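Next comes target_27.cif, a file with mmCIF, C-alpha atoms and all ligand atoms.
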data_my_file
#
loop_
_atom_site.label_atom_id
_atom_site.label_comp_id
_atom_site.auth_asym_id
_atom_site.auth_seq_id
_atom_site.Cartn_x
_atom_site.Cartn_y
_atom_site.Cartn_z
CA MET A 1 51.63 -52.33 -9.76
CA LYS A 2 50.57 -55.90 -10.50
CA TYR A 3 47.29 -56.66 -12.21
CA TYR A 4 44.75 -59.18 -10.99
CA PRO A 5 43.45 -61.76 -11.66
CA PRO A 6 46.73 -63.52 -12.37
CA SER A 7 45.34 -64.95 -15.60
CA ASN A 8 47.56 -62.26 -17.06
CA HIS A 9 50.72 -64.25 -17.68
CA ILE A 10 53.02 -61.37 -18.38
CA TYR A 11 54.76 -61.78 -15.00
CA TYR A 12 57.41 -64.20 -13.82
CA GLU A 13 55.83 -66.86 -11.65
CA ASN A 14 54.97 -65.68 -8.14
CA SER A 15 56.35 -62.22 -8.76
CA ASP A 16 55.23 -58.82 -9.91
CA VAL A 17 58.12 -58.51 -12.35
CA PRO A 18 56.96 -58.55 -15.97
CA ILE A 19 58.74 -61.10 -18.17
CA ASN A 20 61.26 -59.05 -20.12
CA ASN A 21 63.77 -59.43 -22.96
CA LEU A 22 66.70 -58.74 -20.65
CA GLU A 23 65.46 -61.44 -18.23
CA ILE A 24 65.80 -59.08 -15.31
CA LYS A 25 64.09 -60.49 -12.23
CA GLU A 26 64.70 -57.64 -9.78
CA LEU A 27 61.95 -55.06 -9.89
CA GLU A 28 64.24 -52.23 -8.72
CA ILE A 29 66.65 -52.74 -11.62
CA LEU A 30 63.81 -53.03 -14.12
CA THR A 31 62.23 -49.86 -12.73
CA GLU A 32 65.49 -47.96 -13.21
CA ILE A 33 65.78 -49.15 -16.82
CA GLU A 34 62.15 -48.23 -17.50
CA LYS A 35 62.84 -44.72 -16.15
CA GLU A 36 65.74 -44.30 -18.54
CA LEU A 37 63.67 -45.65 -21.46
CA LEU A 38 60.88 -43.21 -20.65
CA VAL A 39 63.25 -40.25 -20.77
CA ARG A 40 64.60 -41.39 -24.13
CA ALA A 41 61.09 -41.92 -25.52
CA TYR A 42 60.14 -38.37 -24.48
CA GLU A 43 63.19 -37.01 -26.32
CA LYS A 44 62.61 -39.06 -29.45
CA LEU A 45 58.89 -38.34 -29.76
CA HIS A 46 59.39 -34.68 -28.92
CA ASN A 47 61.97 -34.40 -31.71
CA GLU A 48 59.58 -36.06 -34.14
CA LEU A 49 56.66 -33.71 -33.49
CA ASN A 50 55.55 -31.97 -36.68
CA GLU A 51 52.53 -30.23 -38.17
CA ASN A 52 51.22 -33.33 -39.92
CA ILE A 53 51.17 -35.50 -36.82
CA GLU A 54 47.91 -37.24 -35.93
CA PHE A 55 47.39 -38.14 -32.28
CA ASP A 56 45.44 -41.25 -33.18
CA GLU A 57 45.33 -44.86 -32.04
CA LYS A 58 48.40 -45.67 -34.08
CA TYR A 59 50.28 -42.86 -32.36
CA LEU A 60 49.26 -44.10 -28.90
CA CYS A 61 50.62 -47.55 -29.81
CA LYS A 62 53.76 -45.93 -31.14
CA VAL A 63 54.21 -44.10 -27.83
CA HIS A 64 53.95 -47.33 -25.87
CA GLU A 65 56.19 -49.13 -28.34
CA THR A 66 58.82 -46.40 -28.23
CA ILE A 67 59.05 -46.58 -24.46
CA PHE A 68 58.90 -50.32 -23.91
CA THR A 69 60.12 -52.10 -27.02
CA PRO A 70 63.60 -52.92 -25.63
CA LEU A 71 61.91 -54.80 -22.77
CA TYR A 72 58.56 -56.29 -23.74
CA THR A 73 57.30 -58.29 -26.71
CA TRP A 74 53.86 -56.74 -26.21
CA ALA A 75 55.13 -53.15 -26.44
CA GLY A 76 52.78 -51.10 -28.58
CA LYS A 77 50.19 -53.87 -28.75
CA TYR A 78 46.75 -53.90 -27.20
CA ARG A 79 46.29 -56.54 -24.51
CA THR A 80 44.52 -59.85 -25.07
CA VAL A 81 43.36 -60.45 -21.50
CA ASN A 82 40.97 -58.73 -19.12
CA ILE A 83 42.61 -56.74 -16.34
CA SER A 84 41.53 -54.94 -13.21
CA LYS A 85 43.04 -52.99 -10.36
CA ASP A 86 41.40 -53.09 -6.96
CA GLU A 87 37.69 -52.59 -7.72
CA SER A 88 38.28 -51.23 -11.21
CA MET A 89 37.67 -53.50 -14.16
CA PHE A 90 39.12 -51.95 -17.29
CA CYS A 91 37.60 -52.25 -20.76
CA PRO A 92 37.07 -55.95 -21.58
CA TYR A 93 39.71 -56.94 -24.08
CA LEU A 94 37.07 -58.14 -26.58
CA ASN A 95 35.73 -54.58 -26.70
CA LEU A 96 39.10 -52.85 -26.85
CA ASP A 97 39.14 -52.33 -30.60
CA SER A 98 35.62 -50.99 -30.88
CA PHE A 99 35.83 -48.75 -27.79
CA SER A 100 39.21 -47.48 -28.87
CA LYS A 101 37.84 -46.62 -32.32
CA GLU A 102 34.97 -44.71 -30.69
CA ILE A 103 37.32 -42.62 -28.58
CA PHE A 104 39.71 -41.89 -31.43
CA ILE A 105 36.92 -40.94 -33.84
CA LYS A 106 35.89 -38.30 -31.29
CA LEU A 107 39.50 -37.17 -30.94
CA ARG A 108 39.83 -36.93 -34.73
CA ASN A 109 36.65 -34.85 -34.85
CA ASP A 110 38.32 -32.60 -32.29
CA ASN A 111 41.24 -32.27 -34.72
CA PHE A 112 43.40 -34.27 -32.27
CA LEU A 113 43.35 -31.20 -29.98
CA LYS A 114 45.81 -29.51 -32.30
CA ASN A 115 44.36 -26.01 -32.24
CA TYR A 116 44.63 -24.89 -28.65
CA GLU A 117 47.70 -22.62 -28.83
CA ASP A 118 45.64 -19.58 -27.99
CA ILE A 119 45.58 -18.91 -24.26
CA SER A 120 41.93 -17.82 -24.54
CA ARG A 121 41.12 -21.48 -25.26
CA LYS A 122 43.05 -22.89 -22.30
CA SER A 123 40.02 -23.69 -20.21
CA GLU A 124 38.34 -25.55 -23.09
CA PHE A 125 41.66 -27.32 -23.72
CA ILE A 126 41.72 -28.51 -20.09
CA ASP A 127 38.14 -29.80 -20.39
CA LYS A 128 38.99 -31.74 -23.53
CA LEU A 129 42.25 -33.13 -22.15
CA SER A 130 40.49 -34.28 -18.99
CA PHE A 131 37.75 -35.96 -20.97
CA TYR A 132 40.15 -37.94 -23.16
CA ILE A 133 42.50 -38.83 -20.29
CA CYS A 134 39.46 -40.22 -18.48
CA GLU A 135 38.28 -42.23 -21.47
CA LEU A 136 41.71 -43.69 -22.19
CA ASN A 137 42.25 -44.51 -18.51
CA VAL A 138 39.16 -46.68 -18.65
CA LEU A 139 40.28 -48.27 -21.91
CA HIS A 140 43.65 -49.20 -20.35
CA PRO A 141 44.69 -50.85 -23.59
CA PHE A 142 48.12 -52.22 -22.66
CA ASN A 143 49.23 -54.97 -20.28
CA GLU A 144 51.35 -52.51 -18.30
CA GLY A 145 52.66 -48.99 -18.66
CA ASN A 146 49.27 -47.44 -19.41
CA GLY A 147 49.84 -44.53 -17.03
CA ARG A 148 53.19 -43.58 -18.50
CA ALA A 149 52.10 -44.07 -22.11
CA LEU A 150 49.02 -41.89 -21.59
CA ARG A 151 50.94 -39.14 -19.83
CA LEU A 152 53.52 -39.11 -22.64
CA PHE A 153 50.76 -39.10 -25.28
CA PHE A 154 49.05 -36.08 -23.73
CA ASP A 155 52.37 -34.36 -23.03
CA MET A 156 53.04 -34.44 -26.78
CA ILE A 157 49.61 -32.93 -27.43
CA VAL A 158 50.22 -30.09 -24.99
CA THR A 159 53.73 -29.57 -26.38
CA TYR A 160 52.26 -29.35 -29.87
CA ASN A 161 50.13 -26.48 -28.56
CA GLY A 162 53.10 -24.66 -27.07
CA TYR A 163 52.72 -25.75 -23.45
CA GLU A 164 55.29 -27.38 -21.16
CA TYR A 165 54.75 -31.00 -20.15
CA ILE A 166 51.94 -31.40 -17.61
CA ASN A 167 53.29 -31.48 -14.05
CA TYR A 168 51.80 -34.52 -12.33
CA GLU A 169 54.46 -34.74 -9.63
CA GLU A 170 52.34 -33.96 -6.59
CA ALA A 171 49.31 -35.90 -7.80
CA LEU A 172 51.41 -38.99 -8.44
CA LYS A 173 53.07 -38.77 -5.04
CA ASN A 174 49.98 -38.48 -2.88
CA ASN A 175 47.55 -40.94 -4.54
CA GLU A 176 45.50 -38.13 -6.02
CA TYR A 177 46.17 -39.47 -9.53
CA ILE A 178 44.98 -42.95 -8.57
CA ASN A 179 41.85 -41.59 -6.90
CA ALA A 180 41.15 -39.48 -9.96
CA SER A 181 41.63 -42.59 -12.12
CA ILE A 182 39.15 -44.52 -10.01
CA ASP A 183 36.57 -41.78 -10.64
CA CYS A 184 37.20 -42.12 -14.38
CA MET A 185 35.64 -45.56 -14.17
CA ILE A 186 32.26 -43.88 -13.65
CA ALA A 187 33.02 -41.16 -16.20
CA GLU A 188 33.63 -38.62 -13.44
CA CYS A 189 36.49 -36.42 -14.69
CA GLU A 190 36.45 -33.63 -12.10
CA LYS A 191 39.49 -34.88 -10.13
CA ILE A 192 41.52 -35.41 -13.29
CA LYS A 193 40.51 -31.92 -14.33
CA ASN A 194 41.82 -30.48 -11.06
CA ILE A 195 45.15 -32.22 -11.64
CA ILE A 196 45.41 -30.96 -15.22
CA THR A 197 44.39 -27.44 -14.22
CA ARG A 198 47.22 -27.33 -11.68
CA GLY A 199 49.75 -29.10 -13.90
CA LEU A 200 49.28 -27.28 -17.21
N1 LIG B 1 42.15 -48.71 -8.77
C1 LIG B 1 42.31 -48.10 -9.94
N2 LIG B 1 41.21 -47.81 -10.69
C2 LIG B 1 41.34 -47.20 -11.87
N3 LIG B 1 42.51 -46.83 -12.40
C3 LIG B 1 43.63 -47.08 -11.71
C4 LIG B 1 43.60 -47.73 -10.45
N4 LIG B 1 44.86 -47.84 -10.00
C5 LIG B 1 45.64 -47.28 -10.93
N5 LIG B 1 44.93 -46.82 -11.96
C6 LIG B 1 45.39 -46.19 -13.19
O1 LIG B 1 46.29 -47.09 -13.77
C7 LIG B 1 47.49 -46.42 -14.08
C8 LIG B 1 48.64 -47.37 -13.96
O2 LIG B 1 48.54 -48.29 -15.00
P1 LIG B 1 49.81 -49.11 -15.42
O3 LIG B 1 50.40 -49.81 -14.25
O4 LIG B 1 49.44 -49.91 -16.62
O5 LIG B 1 50.77 -47.95 -15.90
P2 LIG B 1 52.18 -47.53 -15.33
O6 LIG B 1 52.77 -46.60 -16.32
O7 LIG B 1 52.96 -48.76 -14.99
O8 LIG B 1 51.81 -46.85 -13.96
P3 LIG B 1 51.99 -45.39 -13.34
O9 LIG B 1 50.91 -44.54 -13.90
O10 LIG B 1 51.81 -45.64 -11.88
O11 LIG B 1 53.38 -44.91 -13.71
C9 LIG B 1 47.59 -45.27 -13.12
O12 LIG B 1 48.34 -44.24 -13.68
C10 LIG B 1 46.14 -44.90 -12.95
O13 LIG B 1 45.76 -44.01 -13.96
MG MG B 2 52.39 -50.32 -13.83
#
Represent the structure from my file as C-alpha cells, please.
Amino acid sequence: MKYYPPSNHIYYENSDVPINNLEIKELEILTEIEKELLVRAYEKLHNELNENIEFDEKYLCKVHETIFTPLYTWAGKYRTVNISKDESMFCPYLNLDSFSKEIFIKLRNDNFLKNYEDISRKSEFIDKLSFYICELNVLHPFNEGNGRALRLFFDMIVTYNGYEYINYEEALKNNEYINASIDCMIAECEKIKNIITRGL
C-alpha cells in the first residue's frame, strides 16, 4: 500500500511501485518476488536462531535487510521521512531513534521475551507480544515492508519459545489486522491481542 504524503520519494513517479534494484515497474511481478524473498528470509533467520540471540533493534533491522536487500537500497535502514496511512501518522522520523531505543530497552528488560516456553506462561506471553507489536506498529520504522518485517520478527520470538509461527491468515484477509493496527495508534492493543490469541 502506498504511503502519503508523496514526499516519500521511494516510488517511481506516478506509481505505487517502489524504486528497486531490478528496475521492475510492474507491481504484480515485484509482489511475487517479494513473496519469494520473504520465504527465503524466514528460512535463513529460522536456521540462524540460537540461544545467544538478542531480539533487539539491530535484529529488527537485520530482519528487514534479510528480506528486502536484493530489491531496495533502504533495506534494514530506518526511514528519513514522515509517513502516514489514512488517518494514522506514524512516529515522526526525527523521533525514530529515541522512541525505538525506549521500546527496545523495555524489550531487553523483558529478556527479549526469551523465557516463555512454559505453557503456563502463554497468556502473559500473549500480553507481552501484543504490547510490543502495538508499539512497533506505531514506530513503523521502515519506508515499506513494516508489516512483514514485524511479523517475521515476532515469529522468530515465538519460534524461539517453541511455538509455531503465528497464524495471521484470516486477520490479514478480512481487514482485522489493519483495524487492529489503527487501534495501536492510540495504544489500544485489545484487537491485536485477539489476533495473537487465535493465531498462537
Ligand atoms: N491506517 C492504518 N493505521 C495504522 N496502521 C496501519 C494502517 N494501515 C496499515 N497499517 C499497518 O501497516 C502495515 C503495513 O505496513 P507496510 O506497508 O510498511 O508493510 P507491508 O509488509 O508492506 O504490509 P503488509 O503488512 O500489508 O504485508 C500493516 O501490516 C498494518 O500493521
Ligand atoms: Mg506495504
Compare A:Leu45, A:Ala75, A:Lys35, A:Lys173 by their minimum atom-to-atom distance to A:Ile157, counting all atoms listed in the file, and give me the closest one.
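For A:Ile157, the nearest of the given residues is A:Leu45.
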Of the listed residues A:Val81, A:Ile192, A:Leu22, A:Leu49, that which approaches A:Phe153 most closely, counting only C-alpha atoms
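The shortest atom-to-atom distance to A:Phe153 comes from A:Leu49.
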Go through A:Thr159, A:Asn175, A:Asn143, A:Thr80 and flag the residue nearest ligand MG 2 (chain B), using only C-alpha atoms and all ligand atoms for the distances.
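With only C-alpha atoms and all ligand atoms as the atom set, the closest residue is A:Asn143.
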Grab me every residue within 9 Å of ligand LIG 1 (chain B), counting all atoms listed in the file, and send it over as a PDB file with C-alpha atoms, keeping the file's coordinate frame.
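Once everything was written out, this is pocket19.pdb:
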ATOM      1  CA  MET A   1      51.630 -52.330  -9.760  1.00  0.00           C
ATOM      2  CA  LYS A   2      50.570 -55.900 -10.500  1.00  0.00           C
ATOM      3  CA  TYR A   3      47.290 -56.660 -12.210  1.00  0.00           C
ATOM      4  CA  SER A  84      41.530 -54.940 -13.210  1.00  0.00           C
ATOM      5  CA  LYS A  85      43.040 -52.990 -10.360  1.00  0.00           C
ATOM      6  CA  ASP A  86      41.400 -53.090  -6.960  1.00  0.00           C
ATOM      7  CA  GLU A  87      37.690 -52.590  -7.720  1.00  0.00           C
ATOM      8  CA  SER A  88      38.280 -51.230 -11.210  1.00  0.00           C
ATOM      9  CA  MET A  89      37.670 -53.500 -14.160  1.00  0.00           C
ATOM     10  CA  PHE A  90      39.120 -51.950 -17.290  1.00  0.00           C
ATOM     11  CA  ILE A 133      42.500 -38.830 -20.290  1.00  0.00           C
ATOM     12  CA  CYS A 134      39.460 -40.220 -18.480  1.00  0.00           C
ATOM     13  CA  ASN A 137      42.250 -44.510 -18.510  1.00  0.00           C
ATOM     14  CA  VAL A 138      39.160 -46.680 -18.650  1.00  0.00           C
ATOM     15  CA  HIS A 140      43.650 -49.200 -20.350  1.00  0.00           C
ATOM     16  CA  PRO A 141      44.690 -50.850 -23.590  1.00  0.00           C
ATOM     17  CA  PHE A 142      48.120 -52.220 -22.660  1.00  0.00           C
ATOM     18  CA  ASN A 143      49.230 -54.970 -20.280  1.00  0.00           C
ATOM     19  CA  GLU A 144      51.350 -52.510 -18.300  1.00  0.00           C
ATOM     20  CA  GLY A 145      52.660 -48.990 -18.660  1.00  0.00           C
ATOM     21  CA  ASN A 146      49.270 -47.440 -19.410  1.00  0.00           C
ATOM     22  CA  GLY A 147      49.840 -44.530 -17.030  1.00  0.00           C
ATOM     23  CA  ARG A 148      53.190 -43.580 -18.500  1.00  0.00           C
ATOM     24  CA  ALA A 149      52.100 -44.070 -22.110  1.00  0.00           C
ATOM     25  CA  LEU A 150      49.020 -41.890 -21.590  1.00  0.00           C
ATOM     26  CA  ARG A 151      50.940 -39.140 -19.830  1.00  0.00           C
ATOM     27  CA  LEU A 172      51.410 -38.990  -8.440  1.00  0.00           C
ATOM     28  CA  TYR A 177      46.170 -39.470  -9.530  1.00  0.00           C
ATOM     29  CA  ILE A 178      44.980 -42.950  -8.570  1.00  0.00           C
ATOM     30  CA  ASN A 179      41.850 -41.590  -6.900  1.00  0.00           C
ATOM     31  CA  ALA A 180      41.150 -39.480  -9.960  1.00  0.00           C
ATOM     32  CA  SER A 181      41.630 -42.590 -12.120  1.00  0.00           C
ATOM     33  CA  ILE A 182      39.150 -44.520 -10.010  1.00  0.00           C
ATOM     34  CA  ASP A 183      36.570 -41.780 -10.640  1.00  0.00           C
ATOM     35  CA  CYS A 184      37.200 -42.120 -14.380  1.00  0.00           C
ATOM     36  CA  MET A 185      35.640 -45.560 -14.170  1.00  0.00           C
TER      37      MET A 185
END
Might you pull out every residue within 12 Å of A:Arg198, with all atoms listed in the file counted and same-chain residues fewer than 2 positions away left off, and present them as JSON, numbers by chain?
{"A": [123, 126, 165, 166, 167, 168, 169, 170, 171, 191, 192, 193, 194, 195, 196, 200]}
Would you output that residue set with C-alpha atoms, as an mmCIF file, keeping the file's coordinate frame?
data_model
loop_
_atom_site.group_PDB
_atom_site.id
_atom_site.type_symbol
_atom_site.label_atom_id
_atom_site.label_comp_id
_atom_site.auth_asym_id
_atom_site.auth_seq_id
_atom_site.Cartn_x
_atom_site.Cartn_y
_atom_site.Cartn_z
ATOM 1 C CA SER A 123 40.020 -23.690 -20.210
ATOM 2 C CA ILE A 126 41.720 -28.510 -20.090
ATOM 3 C CA TYR A 165 54.750 -31.000 -20.150
ATOM 4 C CA ILE A 166 51.940 -31.400 -17.610
ATOM 5 C CA ASN A 167 53.290 -31.480 -14.050
ATOM 6 C CA TYR A 168 51.800 -34.520 -12.330
ATOM 7 C CA GLU A 169 54.460 -34.740 -9.630
ATOM 8 C CA GLU A 170 52.340 -33.960 -6.590
ATOM 9 C CA ALA A 171 49.310 -35.900 -7.800
ATOM 10 C CA LYS A 191 39.490 -34.880 -10.130
ATOM 11 C CA ILE A 192 41.520 -35.410 -13.290
ATOM 12 C CA LYS A 193 40.510 -31.920 -14.330
ATOM 13 C CA ASN A 194 41.820 -30.480 -11.060
ATOM 14 C CA ILE A 195 45.150 -32.220 -11.640
ATOM 15 C CA ILE A 196 45.410 -30.960 -15.220
ATOM 16 C CA LEU A 200 49.280 -27.280 -17.210
#
Among the residues A:Val17, A:Leu60, A:Leu37, A:Leu139, the one that comes closest to ligand MG 2 (chain B) [using all atoms listed in the file]
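Of the candidates, the smallest distance to ligand MG 2 (chain B) is held by A:Val17.
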Measuring between only C-alpha atoms and all ligand atoms, which one of A:Glu65, A:Tyr11, A:Asn174, A:Cys189 shows the shortest distance to ligand MG 2 (chain B)?
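Checking each candidate against ligand MG 2 (chain B), we get A:Tyr11 as the closest.
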Tell me which residues come within 12 Å of (62.3, -50.9, -29.5), as a PDB file with C-alpha atoms, in the frame of the given file, counting all atoms listed in the file in the file's coordinates.
ATOM      1  CA  ASN A  21      63.770 -59.430 -22.960  1.00  0.00           C
ATOM      2  CA  LEU A  37      63.670 -45.650 -21.460  1.00  0.00           C
ATOM      3  CA  LEU A  38      60.880 -43.210 -20.650  1.00  0.00           C
ATOM      4  CA  ARG A  40      64.600 -41.390 -24.130  1.00  0.00           C
ATOM      5  CA  ALA A  41      61.090 -41.920 -25.520  1.00  0.00           C
ATOM      6  CA  LYS A  44      62.610 -39.060 -29.450  1.00  0.00           C
ATOM      7  CA  LYS A  62      53.760 -45.930 -31.140  1.00  0.00           C
ATOM      8  CA  VAL A  63      54.210 -44.100 -27.830  1.00  0.00           C
ATOM      9  CA  HIS A  64      53.950 -47.330 -25.870  1.00  0.00           C
ATOM     10  CA  GLU A  65      56.190 -49.130 -28.340  1.00  0.00           C
ATOM     11  CA  THR A  66      58.820 -46.400 -28.230  1.00  0.00           C
ATOM     12  CA  ILE A  67      59.050 -46.580 -24.460  1.00  0.00           C
ATOM     13  CA  PHE A  68      58.900 -50.320 -23.910  1.00  0.00           C
ATOM     14  CA  THR A  69      60.120 -52.100 -27.020  1.00  0.00           C
ATOM     15  CA  PRO A  70      63.600 -52.920 -25.630  1.00  0.00           C
ATOM     16  CA  LEU A  71      61.910 -54.800 -22.770  1.00  0.00           C
ATOM     17  CA  TYR A  72      58.560 -56.290 -23.740  1.00  0.00           C
ATOM     18  CA  THR A  73      57.300 -58.290 -26.710  1.00  0.00           C
ATOM     19  CA  TRP A  74      53.860 -56.740 -26.210  1.00  0.00           C
ATOM     20  CA  ALA A  75      55.130 -53.150 -26.440  1.00  0.00           C
ATOM     21  CA  GLY A  76      52.780 -51.100 -28.580  1.00  0.00           C
TER      22      GLY A  76
END
Is it possible to get the axis-aligned box enclosing stretch 153-159 of chain A (all listed atoms, 3 Å extra per side) as AutoDock Vina command-line options, with centre and edge lengths in Å rounded to one decimal?
--center_x 51.4 --center_y -34.3 --center_z -25.2 --size_x 10.7 --size_y 15.5 --size_z 10.4
Rounded to one decimal, what separation in Å do you get between atom CA of A:Pro18 and atom CA of A:Thr31?
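Atom-to-atom, atom CA of A:Pro18 to atom CA of A:Thr31, that is 10.7 Å.
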How far is it from atom CA of A:Asp155 to atom CA of A:Leu129, in Å with one decimal?
10.2 Å
Å distance separating atom CA of A:Glu124 from atom CA of A:Glu190, one decimal place:
13.8 Å
Nearest candidate to ligand MG 2 (chain B) (options A:Phe104, A:Lys25, A:Glu34, A:Tyr12; using all atoms listed in the file):
A:Glu34
